[in-house]
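Novice: Input file: structure.cif. Contents: mmCIF, C-alpha atoms.
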```cif
data_query
#
loop_
_atom_site.label_atom_id
_atom_site.label_comp_id
_atom_site.auth_asym_id
_atom_site.auth_seq_id
_atom_site.Cartn_x
_atom_site.Cartn_y
_atom_site.Cartn_z
CA MET A 1 15.06 51.49 37.31
CA ASN A 2 18.24 52.30 39.15
CA THR A 3 17.21 50.31 42.18
CA THR A 4 16.49 47.22 40.02
CA MET A 5 19.91 47.50 38.47
CA PHE A 6 21.46 47.91 41.88
CA ARG A 7 19.60 44.88 43.20
CA SER A 8 20.66 42.78 40.22
CA GLY A 9 24.26 43.83 40.76
CA VAL A 10 24.17 42.89 44.42
CA THR A 11 22.55 39.52 43.67
CA LEU A 12 25.21 38.73 41.06
CA ALA A 13 27.99 39.76 43.45
CA VAL A 14 26.63 37.62 46.29
CA ILE A 15 26.19 34.54 44.07
CA ALA A 16 29.67 35.08 42.58
CA ALA A 17 31.13 35.26 46.11
CA ILE A 18 29.35 32.03 47.12
CA CYS A 19 30.54 30.22 43.98
CA THR A 20 34.11 31.44 44.41
CA ALA A 21 34.09 30.28 48.03
CA LEU A 22 32.85 26.87 46.91
CA VAL A 23 35.65 26.51 44.35
CA ALA A 24 38.27 27.81 46.81
CA LEU A 25 37.15 25.31 49.44
CA THR A 26 37.26 22.40 47.01
CA TYR A 27 40.69 23.52 45.88
CA ARG A 28 41.94 23.57 49.48
CA LEU A 29 40.62 20.07 50.05
CA THR A 30 42.04 18.58 46.86
CA ALA A 31 45.28 20.49 46.15
CA GLU A 32 47.52 18.18 48.14
CA ARG A 33 46.15 15.02 46.57
CA ILE A 34 46.38 16.49 43.07
CA VAL A 35 50.07 17.35 43.46
CA ALA A 36 50.75 13.89 44.91
CA ASN A 37 48.84 12.26 42.03
CA GLU A 38 50.80 14.17 39.43
CA GLN A 39 54.09 13.20 41.04
CA ALA A 40 52.99 9.56 41.24
CA TRP A 41 51.84 9.62 37.63
CA LEU A 42 55.19 11.00 36.51
CA GLU A 43 57.11 8.37 38.45
CA ARG A 44 54.87 5.62 37.13
CA SER A 45 55.22 6.79 33.57
CA LEU A 46 59.01 6.76 33.87
CA GLN A 47 58.96 3.20 35.24
CA PRO A 48 59.05 1.37 31.87
CA ALA A 49 62.48 2.89 31.16
CA LEU A 50 63.80 2.19 34.68
CA SER A 51 63.02 -1.52 34.96
CA GLY A 52 66.11 -3.62 35.54
CA LEU A 53 68.27 -0.66 36.53
CA PHE A 54 69.92 -0.32 39.91
CA TYR A 55 69.75 3.25 41.18
CA ASP A 56 69.54 5.10 44.48
CA SER A 57 68.73 8.65 43.37
CA GLY A 58 65.40 10.43 43.17
CA VAL A 59 64.83 10.38 39.43
CA THR A 60 62.36 13.23 39.11
CA GLU A 61 64.65 15.63 40.99
CA SER A 62 67.39 15.43 38.38
CA LYS A 63 65.30 16.87 35.60
CA ILE A 64 66.86 18.95 32.82
CA ILE A 65 64.45 20.91 30.67
CA ILE A 66 65.66 21.63 27.17
CA PRO A 67 63.49 24.20 25.39
CA PRO A 68 63.38 24.20 21.60
CA PRO A 69 65.28 24.59 19.36
CA HIS A 70 67.44 21.61 20.30
CA GLU A 71 69.09 18.70 18.51
CA LEU A 72 66.77 16.13 20.03
CA PRO A 73 63.76 14.90 18.03
CA GLY A 74 60.67 17.06 17.96
CA SER A 75 60.01 20.77 18.05
CA GLU A 76 58.61 20.70 21.60
CA THR A 77 60.44 21.01 24.90
CA ALA A 78 62.52 17.92 25.62
CA ILE A 79 63.08 16.65 29.15
CA ILE A 80 65.96 14.56 30.46
CA TYR A 81 65.95 12.74 33.81
CA ARG A 82 69.26 11.43 35.07
CA VAL A 83 69.62 8.26 37.11
CA TYR A 84 72.52 7.70 39.48
CA ALA A 85 73.79 4.94 41.76
CA GLU A 86 76.23 6.03 44.47
CA ASP A 87 76.73 9.32 42.58
CA ALA A 88 77.86 7.54 39.42
CA PRO A 89 75.67 7.97 36.34
CA VAL A 90 73.55 4.93 35.43
CA ALA A 91 71.19 6.05 32.70
CA ALA A 92 69.37 9.01 31.22
CA LEU A 93 65.65 9.07 30.48
CA PHE A 94 64.58 11.22 27.54
CA ILE A 95 61.12 12.56 26.89
CA VAL A 96 61.06 13.67 23.26
CA SER A 97 58.52 14.08 20.48
CA ALA A 98 58.48 11.96 17.35
CA ARG A 99 57.61 14.47 14.66
CA ASP A 100 56.14 12.44 11.87
CA GLY A 101 53.26 10.66 13.53
CA TYR A 102 50.11 9.98 11.51
CA ALA A 103 48.16 12.52 13.57
CA GLY A 104 50.59 14.97 15.09
CA PRO A 105 53.61 14.50 17.33
CA ILE A 106 54.00 11.40 19.51
CA ARG A 107 55.46 11.94 22.98
CA VAL A 108 57.95 9.16 23.65
CA LEU A 109 59.95 8.17 26.73
CA ALA A 110 63.25 6.46 26.01
CA GLY A 111 65.75 5.30 28.64
CA ILE A 112 69.40 4.91 27.62
CA ASP A 113 72.10 3.57 29.94
CA THR A 114 75.69 4.86 30.07
CA MET A 115 76.76 2.25 27.49
CA GLY A 116 74.27 3.67 25.00
CA VAL A 117 71.89 0.70 25.32
CA VAL A 118 68.13 1.28 25.36
CA THR A 119 66.63 0.35 28.74
CA GLY A 120 63.02 0.82 27.74
CA VAL A 121 60.66 2.78 25.50
CA HIS A 122 57.16 3.95 26.33
CA VAL A 123 54.69 6.04 24.37
CA LEU A 124 53.30 8.73 26.68
CA GLU A 125 50.93 10.69 24.45
CA HIS A 126 49.68 10.31 20.91
CA ARG A 127 46.67 10.83 18.68
CA GLU A 128 47.20 7.87 16.35
CA THR A 129 44.25 5.94 14.93
CA PRO A 130 42.61 3.65 17.51
CA GLY A 131 43.08 0.01 16.56
CA LEU A 132 45.93 0.72 14.12
CA GLY A 133 48.67 3.13 15.23
CA ASP A 134 47.71 2.98 18.88
CA ARG A 135 49.23 -0.49 19.24
CA VAL A 136 52.49 1.28 20.04
CA GLU A 137 50.98 1.72 23.52
CA SER A 138 52.44 -0.85 25.89
CA THR A 139 48.97 -1.74 27.22
CA LYS A 140 47.83 -2.73 23.71
CA SER A 141 50.78 -4.68 22.32
CA ASP A 142 54.40 -5.60 23.01
CA TRP A 143 55.67 -3.66 20.01
CA VAL A 144 57.74 -1.16 22.06
CA LYS A 145 59.52 -3.99 23.91
CA GLN A 146 61.63 -4.81 20.85
CA PHE A 147 63.81 -1.76 21.58
CA ASN A 148 64.98 -3.10 24.93
CA GLY A 149 68.70 -3.89 24.84
CA ARG A 150 69.23 -2.33 21.42
CA SER A 151 71.87 0.32 20.69
CA LEU A 152 73.50 2.07 17.76
CA LEU A 153 75.72 -1.02 17.35
CA ASP A 154 72.81 -3.45 17.43
CA PRO A 155 71.55 -2.94 14.80
CA GLU A 156 73.85 -0.66 12.82
CA PRO A 157 72.34 2.79 12.13
CA THR A 158 71.03 1.60 8.72
CA GLY A 159 69.08 -1.14 10.48
CA TRP A 160 67.08 1.38 12.51
CA ALA A 161 63.97 1.12 10.32
CA ILE A 162 60.96 -1.16 9.95
CA LYS A 163 61.47 -4.43 8.11
CA GLY A 164 59.47 -3.16 5.15
CA ASP A 165 62.06 -0.42 4.71
CA GLY A 166 65.00 -2.82 4.98
CA GLY A 167 65.50 -2.37 8.71
CA GLN A 168 65.38 -4.77 11.63
CA PHE A 169 62.28 -3.71 13.55
CA ASP A 170 58.80 -5.19 13.30
CA GLN A 171 56.06 -3.09 11.81
CA LEU A 172 52.41 -2.98 12.79
CA THR A 173 49.84 -4.33 10.36
CA GLY A 174 47.99 -1.43 8.80
CA ALA A 175 50.21 1.20 10.37
CA SER A 176 53.72 1.91 9.16
CA VAL A 177 53.82 5.68 9.66
CA THR A 178 53.64 5.46 13.46
CA PRO A 179 56.42 2.84 13.92
CA ARG A 180 58.64 4.68 11.42
CA ALA A 181 58.26 7.93 13.38
CA ILE A 182 59.07 6.29 16.71
CA ILE A 183 62.06 4.34 15.42
CA LYS A 184 63.48 7.53 13.91
CA ALA A 185 62.98 9.45 17.16
CA ILE A 186 64.76 6.77 19.22
CA LYS A 187 67.63 6.59 16.77
CA GLU A 188 68.06 10.38 16.90
CA THR A 189 67.93 10.31 20.70
CA LEU A 190 70.67 7.64 20.75
CA LEU A 191 72.82 9.75 18.45
CA TYR A 192 72.28 12.80 20.67
CA PHE A 193 73.20 10.79 23.77
CA GLU A 194 76.33 9.45 22.10
CA ALA A 195 77.47 13.03 21.36
CA HIS A 196 76.40 14.71 24.61
CA SER A 197 76.38 12.11 27.39
CA GLU A 198 79.15 13.78 29.39
CA GLU A 199 77.48 17.18 29.42
CA ILE A 200 74.17 15.62 30.38
CA PHE A 201 75.51 13.94 33.51
CA ALA A 202 77.78 16.86 34.42
CA ALA A 203 75.00 19.44 34.44
CA ALA A 204 74.08 20.50 37.97
CA ILE A 205 70.63 19.83 39.35
CA PRO A 206 68.82 23.16 39.01
CA GLU A 207 67.64 24.44 42.38
CA THR A 208 64.22 25.26 40.97
CA ASN A 209 63.53 21.57 40.41
CA LYS A 210 64.04 20.78 44.06
CA GLU A 211 61.64 23.49 45.11
CA GLU A 212 59.10 22.26 42.63
CA ILE A 213 59.20 18.78 44.17
CA GLU A 214 59.01 20.02 47.74
CA GLN A 215 55.94 22.11 47.17
CA MET B 1 3.15 20.54 36.58
CA THR B 2 1.43 18.31 39.13
CA SER B 3 3.73 16.36 41.40
CA PRO B 4 3.92 12.86 39.99
CA GLY B 5 5.30 9.94 41.98
CA PHE B 6 9.00 9.29 42.00
CA ILE B 7 8.67 6.17 39.87
CA ASP B 8 6.79 8.08 37.20
CA ARG B 9 9.45 10.78 37.31
CA PHE B 10 12.12 8.16 36.95
CA LYS B 11 10.41 6.75 33.88
CA THR B 12 10.24 10.26 32.46
CA GLY B 13 13.96 10.94 32.96
CA LEU B 14 15.13 7.54 31.84
CA TRP B 15 12.75 7.04 28.96
CA HIS B 16 10.09 9.54 27.90
CA GLU B 17 12.25 12.66 28.23
CA ASN B 18 15.74 11.17 28.30
CA PRO B 19 18.07 14.16 27.79
CA GLY B 20 20.20 12.30 25.26
CA LEU B 21 17.69 10.06 23.49
CA VAL B 22 14.66 12.32 23.23
CA GLN B 23 15.74 15.88 23.90
CA LEU B 24 19.05 15.27 22.06
CA LEU B 25 20.90 17.53 24.50
CA GLY B 26 24.58 17.25 25.38
CA LEU B 27 25.43 15.35 22.22
CA CYS B 28 29.02 16.63 22.03
CA PRO B 29 30.30 14.78 25.12
CA LEU B 30 27.96 11.90 24.39
CA LEU B 31 29.51 11.29 20.99
CA ALA B 32 33.08 12.12 21.97
CA VAL B 33 33.75 10.07 25.10
CA THR B 34 31.68 6.94 24.59
CA SER B 35 34.47 4.90 23.03
CA SER B 36 34.48 2.66 26.10
CA PHE B 37 32.18 1.74 28.97
CA VAL B 38 34.39 3.21 31.67
CA ASN B 39 34.62 6.57 29.88
CA GLY B 40 30.84 6.68 29.54
CA LEU B 41 30.39 5.77 33.19
CA GLY B 42 32.94 8.37 34.33
CA LEU B 43 31.44 11.23 32.37
CA GLY B 44 27.96 10.01 33.32
CA ILE B 45 28.78 10.21 37.03
CA ALA B 46 30.39 13.65 36.63
CA THR B 47 27.39 15.02 34.72
CA LEU B 48 24.97 13.46 37.20
CA ALA B 49 26.76 15.08 40.14
CA VAL B 50 26.82 18.50 38.47
CA LEU B 51 23.15 18.22 37.52
CA ILE B 52 21.99 17.33 41.06
CA ALA B 53 24.10 20.08 42.64
CA SER B 54 23.21 22.75 40.07
CA ASN B 55 19.49 21.98 40.32
CA GLY B 56 19.78 22.18 44.11
CA LEU B 57 21.63 25.51 44.08
CA VAL B 58 19.43 27.09 41.43
CA SER B 59 16.33 26.02 43.32
CA ALA B 60 17.71 27.26 46.66
CA THR B 61 18.43 30.72 45.27
CA ARG B 62 15.38 30.98 42.99
CA ARG B 63 13.52 33.49 45.17
CA TRP B 64 16.32 36.07 45.06
CA ILE B 65 17.19 35.82 41.41
CA GLN B 66 15.60 38.42 39.14
CA ALA B 67 14.46 37.08 35.82
CA GLU B 68 16.75 39.38 33.81
CA ILE B 69 19.96 38.06 35.31
CA ARG B 70 19.02 34.39 35.74
CA ILE B 71 21.10 33.11 32.80
CA PRO B 72 24.46 34.60 33.94
CA ILE B 73 23.74 33.24 37.41
CA TYR B 74 23.05 29.74 36.06
CA VAL B 75 26.29 29.92 34.09
CA LEU B 76 28.17 31.04 37.20
CA ILE B 77 26.73 28.26 39.35
CA ILE B 78 27.26 25.54 36.75
CA ALA B 79 30.81 26.66 35.92
CA SER B 80 31.80 26.68 39.61
CA LEU B 81 30.32 23.24 40.18
CA VAL B 82 32.08 21.81 37.15
CA THR B 83 35.38 23.24 38.38
CA CYS B 84 34.79 21.54 41.75
CA ILE B 85 33.98 18.22 40.05
CA GLU B 86 37.09 18.53 37.91
CA LEU B 87 39.26 19.08 41.00
CA ILE B 88 37.62 16.12 42.73
CA PHE B 89 38.25 13.89 39.70
CA LYS B 90 41.88 15.03 39.53
CA ALA B 91 42.29 14.21 43.22
CA TRP B 92 40.53 10.86 43.40
CA PHE B 93 40.28 9.48 39.85
CA PRO B 94 43.41 10.86 38.14
CA ALA B 95 43.53 8.16 35.46
CA LEU B 96 39.91 8.71 34.48
CA ASP B 97 40.52 12.46 34.44
CA ARG B 98 43.36 11.92 31.99
CA SER B 99 41.21 9.68 29.83
CA LEU B 100 38.25 12.07 29.69
CA GLY B 101 40.53 15.08 29.31
CA ILE B 102 38.84 18.23 28.12
CA PHE B 103 35.34 16.72 28.35
CA ILE B 104 35.13 17.18 32.12
CA PRO B 105 35.54 21.00 31.93
CA LEU B 106 33.24 20.93 28.90
CA ILE B 107 30.35 19.69 31.06
CA VAL B 108 29.75 23.44 31.48
CA THR B 109 28.54 23.55 27.92
CA ASN B 110 26.18 20.59 28.28
CA CYS B 111 22.87 22.28 27.54
CA ALA B 112 20.99 19.52 29.35
CA ILE B 113 22.14 21.14 32.61
CA VAL B 114 21.08 24.71 31.81
CA ALA B 115 17.83 23.32 30.42
CA ARG B 116 16.94 21.59 33.70
CA ALA B 117 17.87 24.72 35.69
CA GLU B 118 15.61 26.86 33.53
CA VAL B 119 12.71 24.47 33.01
CA PHE B 120 12.54 22.77 36.38
CA ALA B 121 14.79 23.94 39.21
CA SER B 122 13.89 27.64 38.88
CA ARG B 123 10.24 26.91 39.68
CA ASN B 124 10.31 23.96 42.10
CA PRO B 125 11.40 23.35 45.70
CA ILE B 126 14.89 22.07 46.47
CA GLY B 127 14.08 18.41 47.18
CA SER B 128 12.03 18.04 44.06
CA SER B 129 14.67 19.82 41.94
CA MET B 130 17.48 17.62 43.20
CA ALA B 131 15.34 14.55 42.48
CA ASP B 132 14.81 15.90 38.97
CA GLY B 133 18.57 16.35 38.60
CA PHE B 134 19.03 12.78 39.74
CA VAL B 135 16.57 11.22 37.29
CA MET B 136 17.64 13.34 34.33
CA GLY B 137 21.33 12.79 35.12
CA SER B 138 20.72 9.05 35.46
CA GLY B 139 18.99 8.98 32.11
CA PHE B 140 21.97 10.69 30.51
CA ALA B 141 24.51 8.52 32.37
CA LEU B 142 22.74 5.27 31.44
CA LEU B 143 22.70 6.28 27.78
CA LEU B 144 26.43 7.11 27.93
CA MET B 145 27.11 3.72 29.53
CA ALA B 146 24.97 1.82 27.04
CA ILE B 147 26.60 3.46 24.02
CA GLY B 148 30.05 3.11 25.60
CA ALA B 149 29.51 -0.60 26.23
CA PHE B 150 28.13 -1.14 22.72
CA ARG B 151 31.01 0.64 20.99
CA GLU B 152 33.66 -0.99 23.18
CA LEU B 153 32.20 -4.43 22.51
CA LEU B 154 32.08 -3.92 18.74
CA GLY B 155 35.26 -1.88 18.40
CA GLN B 156 37.64 -3.57 20.80
CA GLY B 157 35.96 -6.89 21.53
CA SER B 158 36.01 -6.25 25.25
CA LEU B 159 33.64 -5.05 27.94
CA PHE B 160 34.34 -3.12 31.15
CA ALA B 161 38.06 -2.76 30.31
CA ARG B 162 40.15 -0.33 32.37
CA MET B 163 37.68 -0.19 35.26
CA ASP B 164 40.78 0.40 37.39
CA MET B 165 40.57 4.06 36.33
CA LEU B 166 37.49 4.31 38.54
CA LEU B 167 38.16 1.64 41.14
CA GLY B 168 41.94 1.95 41.50
CA GLY B 169 44.50 -0.84 41.38
CA ASP B 170 46.33 -2.44 38.48
CA PRO B 171 45.14 -2.04 34.89
CA MET B 172 42.20 -4.37 34.28
CA ARG B 173 41.51 -5.83 30.87
CA GLY B 174 37.84 -6.46 31.59
CA LEU B 175 35.90 -9.18 29.79
CA VAL B 176 37.85 -9.92 26.63
CA ILE B 177 35.59 -11.53 24.07
CA THR B 178 37.72 -11.27 20.96
CA ASP B 179 41.04 -9.65 20.24
CA GLY B 180 40.52 -6.50 18.26
CA GLY B 181 37.26 -5.62 16.64
CA TRP B 182 35.39 -3.55 14.14
CA LEU B 183 37.42 -0.37 14.06
CA LEU B 184 34.61 1.82 12.78
CA ALA B 185 32.72 1.48 16.05
CA ILE B 186 35.32 3.35 18.10
CA LEU B 187 35.99 6.00 15.46
CA PRO B 188 33.74 9.10 15.46
CA PRO B 189 31.28 7.76 12.83
CA GLY B 190 30.64 4.79 15.12
CA ALA B 191 29.36 7.21 17.74
CA PHE B 192 26.76 8.61 15.35
CA PHE B 193 25.68 5.15 14.18
CA SER B 194 25.35 3.91 17.76
CA LEU B 195 23.29 6.89 18.85
CA ALA B 196 21.07 6.60 15.78
CA LEU B 197 20.55 2.93 16.54
CA ALA B 198 19.67 3.68 20.17
CA ILE B 199 17.11 6.31 19.12
CA ALA B 200 15.64 3.97 16.50
CA ILE B 201 15.27 1.17 19.06
CA LYS B 202 13.58 3.51 21.52
CA ASN B 203 11.16 4.83 18.90
CA SER B 204 10.26 1.37 17.72
CA ILE B 205 9.54 0.18 21.26
CA ASP B 206 7.41 3.28 21.85
CA ARG B 207 5.44 2.67 18.68
CA ARG B 208 4.79 -0.95 19.50
CA GLN B 209 3.50 0.03 22.94
CA ARG B 210 1.27 2.67 21.44
CA GLU B 211 -0.21 0.17 19.01
CA LYS B 212 -0.83 -2.28 21.81
CA ARG B 213 -2.63 0.38 23.79
CA GLN B 214 -4.81 1.22 20.82
CA GLN B 215 -5.79 -2.40 20.36
CA ALA B 216 -6.68 -2.66 24.03
CA MET B 217 -8.84 0.44 23.81
CA PRO B 218 -10.35 0.45 20.34
CA GLY B 219 -12.77 3.20 21.32
CA ARG B 220 -10.05 5.82 21.37
CA GLY B 221 -9.07 7.28 18.06
CA ARG B 222 -5.67 6.98 16.57
CA HIS B 223 -4.89 10.66 16.97
CA ALA B 224 -6.25 11.00 20.46
CA SER B 225 -3.47 8.90 21.93
CA GLN B 226 -0.86 11.27 20.52
#
```
What do you get writing this file as structure tokens?

Specialist:
Amino acid sequence: MNTTMFRSGVTLAVIAAICTALVALTYRLTAERIVANEQAWLERSLQPALSGLFYDSGVTESKIIIPPPHELPGSETAIIYRVYAEDAPVAALFIVSARDGYAGPIRVLAGIDTMGVVTGVHVLEHRETPGLGDRVESTKSDWVKQFNGRSLLDPEPTGWAIKGDGGQFDQLTGASVTPRAIIKAIKETLLYFEAHSEEIFAAAIPETNKEEIEQ
Amino acid sequence: MTSPGFIDRFKTGLWHENPGLVQLLGLCPLLAVTSSFVNGLGLGIATLAVLIASNGLVSATRRWIQAEIRIPIYVLIIASLVTCIELIFKAWFPALDRSLGIFIPLIVTNCAIVARAEVFASRNPIGSSMADGFVMGSGFALLLMAIGAFRELLGQGSLFARMDMLLGGDPMRGLVITDGGWLLAILPPGAFFSLALAIAIKNSIDRRQREKRQQAMPGRGRHASQ
């Protein structure tokens, strides 16, 4: 009896060692590419808010992480990337969560230049209904493009709503909850930027970010 | 089990014992990811790769594995292989990995894989077991692709959209037939309807063939052919 148990134990240990070696080897072979892919994905997903801007800084290095609670929309961690040209601030990119989506929070990227004008909006993550709310994705419709060039002066804060609610932004047929949530999040981000823009650009680049990138 | 020819085995995996259509195994990923052709194809390839490798490994180690501990060992082997596949997807098909999300790690729970390890790979030589993994995995992958294509066509009016996730390059819109479609098809109920339809079509084809055979050989009784 004892010898059978011993043999079973040894067999399990040997197989576990082989399997672990297999995973470790695959990890060694893929780790570099995975890190590079994630970096590339991040840069690509920031692109919609960077188009048309002139900048010479590495955007992802100037990350500020703002853990909740904060005054930005959403109860999740907000991220700000700062964009510079010749050391002068150009724009700030915000990743925030719109709280009142139809199916949970919507992760939104919004770029705002130093004049407080929206440079681009992109929906990064959501769980809205396919075919209805998901048209806020830039691959499915041009809905998010209507924010380009808008600011708190154009339209006035009361105009930051869908047309059905007396505002100036288009709605999506069959989905008004999703656009409402996104418009509100962008408006709140603009208000935050208006109040805090100096602090945002003055904050030093945390050393940990640099290490993270170099790894 | 006698050793049937490869073509017969292929027919078995693709049709007579298709893991999804007949054995109804691995329905969770089947229903969850088939909202488009490329998702079905991606998960199909991942499952196929795991199935071939797990059948191979289980068969290679079958002489040393005591019956009492075979299940934990299968779980260990399958979980490690799925982790490897997940890393490979993250490295070479990052967009597809994002689209399939949790369903790549969840291949571990696809009972079609444990079933083949237990039923086939643990009692057959390596070559034959890997071939079995290939035919069974292909059967599952083809079903995923068929349902994915069907739901994408009905639900979004397109076919083969976003193939760039697998092939690389700029986003591809695929064949656009109409703009927008019948929403129900890409929602979860659409998955159940599509699978039910696929099973119904298969059963009706099988029945027709059986009837034809009976007419050709009237001497054999109705029940004998069952």

Novice: Give as a ChimeraX atom specification the residues that the PyMOL selection byres ((chain A) within 8 of (chain B)) matches when applied to the coordinates above.

Specialist: /A:8,11-12,15-16,19-20,22-23,26-27,30-31,33-34,37,130-131

Novice: Ranking A:Ser51, A:Ser197, A:Ser97, A:Ser75 by minimum distance to A:Ile182 and counting all atoms listed in the file, which one comes first?

Specialist: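 Nearest candidate to A:Ile182 out of A:Ser51, A:Ser197, A:Ser97, A:Ser75: A:Ser97.
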
Novice: Rounded to one decimal, what separation in Å do you get between atom CA of B:Asp97 and atom CA of B:Leu30?

Specialist: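 We find that atom CA of B:Asp97 and atom CA of B:Leu30 lie 16.1 Å from each other.
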
Novice: Can you list what the PyMOL selection byres ((chain B and resi 130) around 9) grabs from this structure, as a tab-separated table (two decimals) with C-alpha atoms, in the coordinates of the input?

Specialist:
```
chain	number	residue	atom	x	y	z
B	51	LEU	CA	23.15	18.22	37.52
B	52	ILE	CA	21.99	17.33	41.06
B	53	ALA	CA	24.10	20.08	42.64
B	54	SER	CA	23.21	22.75	40.07
B	55	ASN	CA	19.49	21.98	40.32
B	56	GLY	CA	19.78	22.18	44.11
B	57	LEU	CA	21.63	25.51	44.08
B	59	SER	CA	16.33	26.02	43.32
B	121	ALA	CA	14.79	23.94	39.21
B	125	PRO	CA	11.40	23.35	45.70
B	126	ILE	CA	14.89	22.07	46.47
B	127	GLY	CA	14.08	18.41	47.18
B	128	SER	CA	12.03	18.04	44.06
B	129	SER	CA	14.67	19.82	41.94
B	131	ALA	CA	15.34	14.55	42.48
B	132	ASP	CA	14.81	15.90	38.97
B	133	GLY	CA	18.57	16.35	38.60
B	134	PHE	CA	19.03	12.78	39.74
B	135	VAL	CA	16.57	11.22	37.29
```

Novice: Take the PyMOL selection byres ((chain B and resi 192-196) around 9), apply it to the structure above, and return the hits as number ranges by chain.

Specialist: B: 20-21, 30-31, 143, 147, 150-151, 185, 188-191, 197-201

Novice: Given the choices B:Ala117, B:Leu175, B:Leu24, B:Met145, which gets closest to B:Leu159 if the distance is worked out from all atoms listed in the file?

Specialist: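 Among B:Ala117, B:Leu175, B:Leu24, B:Met145, it is B:Leu175 that comes nearest to B:Leu159.
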
Novice: So how far away is atom CA of A:Ile79 from atom CA of A:Ile95, in Å?

Specialist: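 Atom CA of A:Ile95 sits 5.1 Å away from atom CA of A:Ile79.
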
Novice: Taking (44.4, 6.7, 14.0) as a centre in this file's frame and 12 Å as the limit, can you find every polymer residue with an atom that close, using only C-alpha atoms, and give them as a PyMOL selection string?

Specialist: (chain A and resi 101-104+126-136+174-178) or (chain B and resi 183-184+186-188)

Novice: Which residue is closest to B:Thr109? Choose from B:Thr12, B:Thr47, B:Ser138, B:Gln209 and count all atoms listed in the file.

Specialist: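 Under the stated criterion, the closest residue is B:Thr47.
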
Novice: Rounded to one decimal place, report the atom CA of A:Thr77-atom CA of A:Ala36 distance in Å.

Specialist: 23.3 Å

Novice: Nearest residue to A:Leu72 out of A:Trp41, A:Tyr192, A:Trp143, A:Phe54, using all atoms listed in the file?

Specialist: A:Tyr192

Novice: Near A:Arg107, counting only C-alpha atoms, which residues have an atom at most 8 Å away, once you skip same-chain residues fewer than 2 positions from it, shown as a PyMOL selection string?

Specialist: chain A and resi 95-98+105+109+123-126

Novice: Restricted to C-alpha atoms, what would the selected residues look like written as an mmCIF file, in the coordinates of the input?

Specialist:
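This is the output file result-v7.cif:
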```cif
data_model
loop_
_atom_site.group_PDB
_atom_site.id
_atom_site.type_symbol
_atom_site.label_atom_id
_atom_site.label_comp_id
_atom_site.auth_asym_id
_atom_site.auth_seq_id
_atom_site.Cartn_x
_atom_site.Cartn_y
_atom_site.Cartn_z
ATOM 1 C CA ILE A 95 61.120 12.560 26.890
ATOM 2 C CA VAL A 96 61.060 13.670 23.260
ATOM 3 C CA SER A 97 58.520 14.080 20.480
ATOM 4 C CA ALA A 98 58.480 11.960 17.350
ATOM 5 C CA PRO A 105 53.610 14.500 17.330
ATOM 6 C CA LEU A 109 59.950 8.170 26.730
ATOM 7 C CA VAL A 123 54.690 6.040 24.370
ATOM 8 C CA LEU A 124 53.300 8.730 26.680
ATOM 9 C CA GLU A 125 50.930 10.690 24.450
ATOM 10 C CA HIS A 126 49.680 10.310 20.910
#
```

Novice: Using only C-alpha atoms, which of the listed residues (A:Glu38, A:Leu152, A:Lys145, A:Lys140) sits closest to B:Ala161?

Specialist: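 Of A:Glu38, A:Leu152, A:Lys145, A:Lys140, the one nearest B:Ala161 is A:Lys140, counting only C-alpha atoms.
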
Novice: May I ask which of the residues A:Pro73, A:Gly120, A:Pro68, A:Gly58 is the closest one to A:Asp142, counting all atoms listed in the file?

Specialist: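 Under the stated criterion, the closest residue is A:Gly120.
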
Novice: As lines of an AutoDock Vina configuration file, please report the centre and edge lengths, rounded to one decimal in Å, of the axis-aligned box that holds all listed atoms of stretch 92-102 of chain B with 6 Å of padding on each of the six sides.

Specialist:
```
center_x = 40.9
center_y = 13.2
center_z = 35.8
size_x = 17.3
size_y = 22.1
size_z = 27.3
```

Novice: Please determine the residues with any atom at most 8 Å from (39.5, 0.2, 33.0) (coordinates as given in the file, with only C-alpha atoms counting) and report them as a PDB file with C-alpha atoms, in the frame of the given file.

Specialist:
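Written file, selection12.pdb:
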```
ATOM      1  CA  VAL B  38      34.390   3.210  31.670  1.00  0.00           C
ATOM      2  CA  PHE B 160      34.340  -3.120  31.150  1.00  0.00           C
ATOM      3  CA  ALA B 161      38.060  -2.760  30.310  1.00  0.00           C
ATOM      4  CA  ARG B 162      40.150  -0.330  32.370  1.00  0.00           C
ATOM      5  CA  MET B 163      37.680  -0.190  35.260  1.00  0.00           C
ATOM      6  CA  ASP B 164      40.780   0.400  37.390  1.00  0.00           C
ATOM      7  CA  MET B 165      40.570   4.060  36.330  1.00  0.00           C
ATOM      8  CA  LEU B 166      37.490   4.310  38.540  1.00  0.00           C
ATOM      9  CA  PRO B 171      45.140  -2.040  34.890  1.00  0.00           C
ATOM     10  CA  MET B 172      42.200  -4.370  34.280  1.00  0.00           C
ATOM     11  CA  ARG B 173      41.510  -5.830  30.870  1.00  0.00           C
ATOM     12  CA  GLY B 174      37.840  -6.460  31.590  1.00  0.00           C
TER      13      GLY B 174
END
```
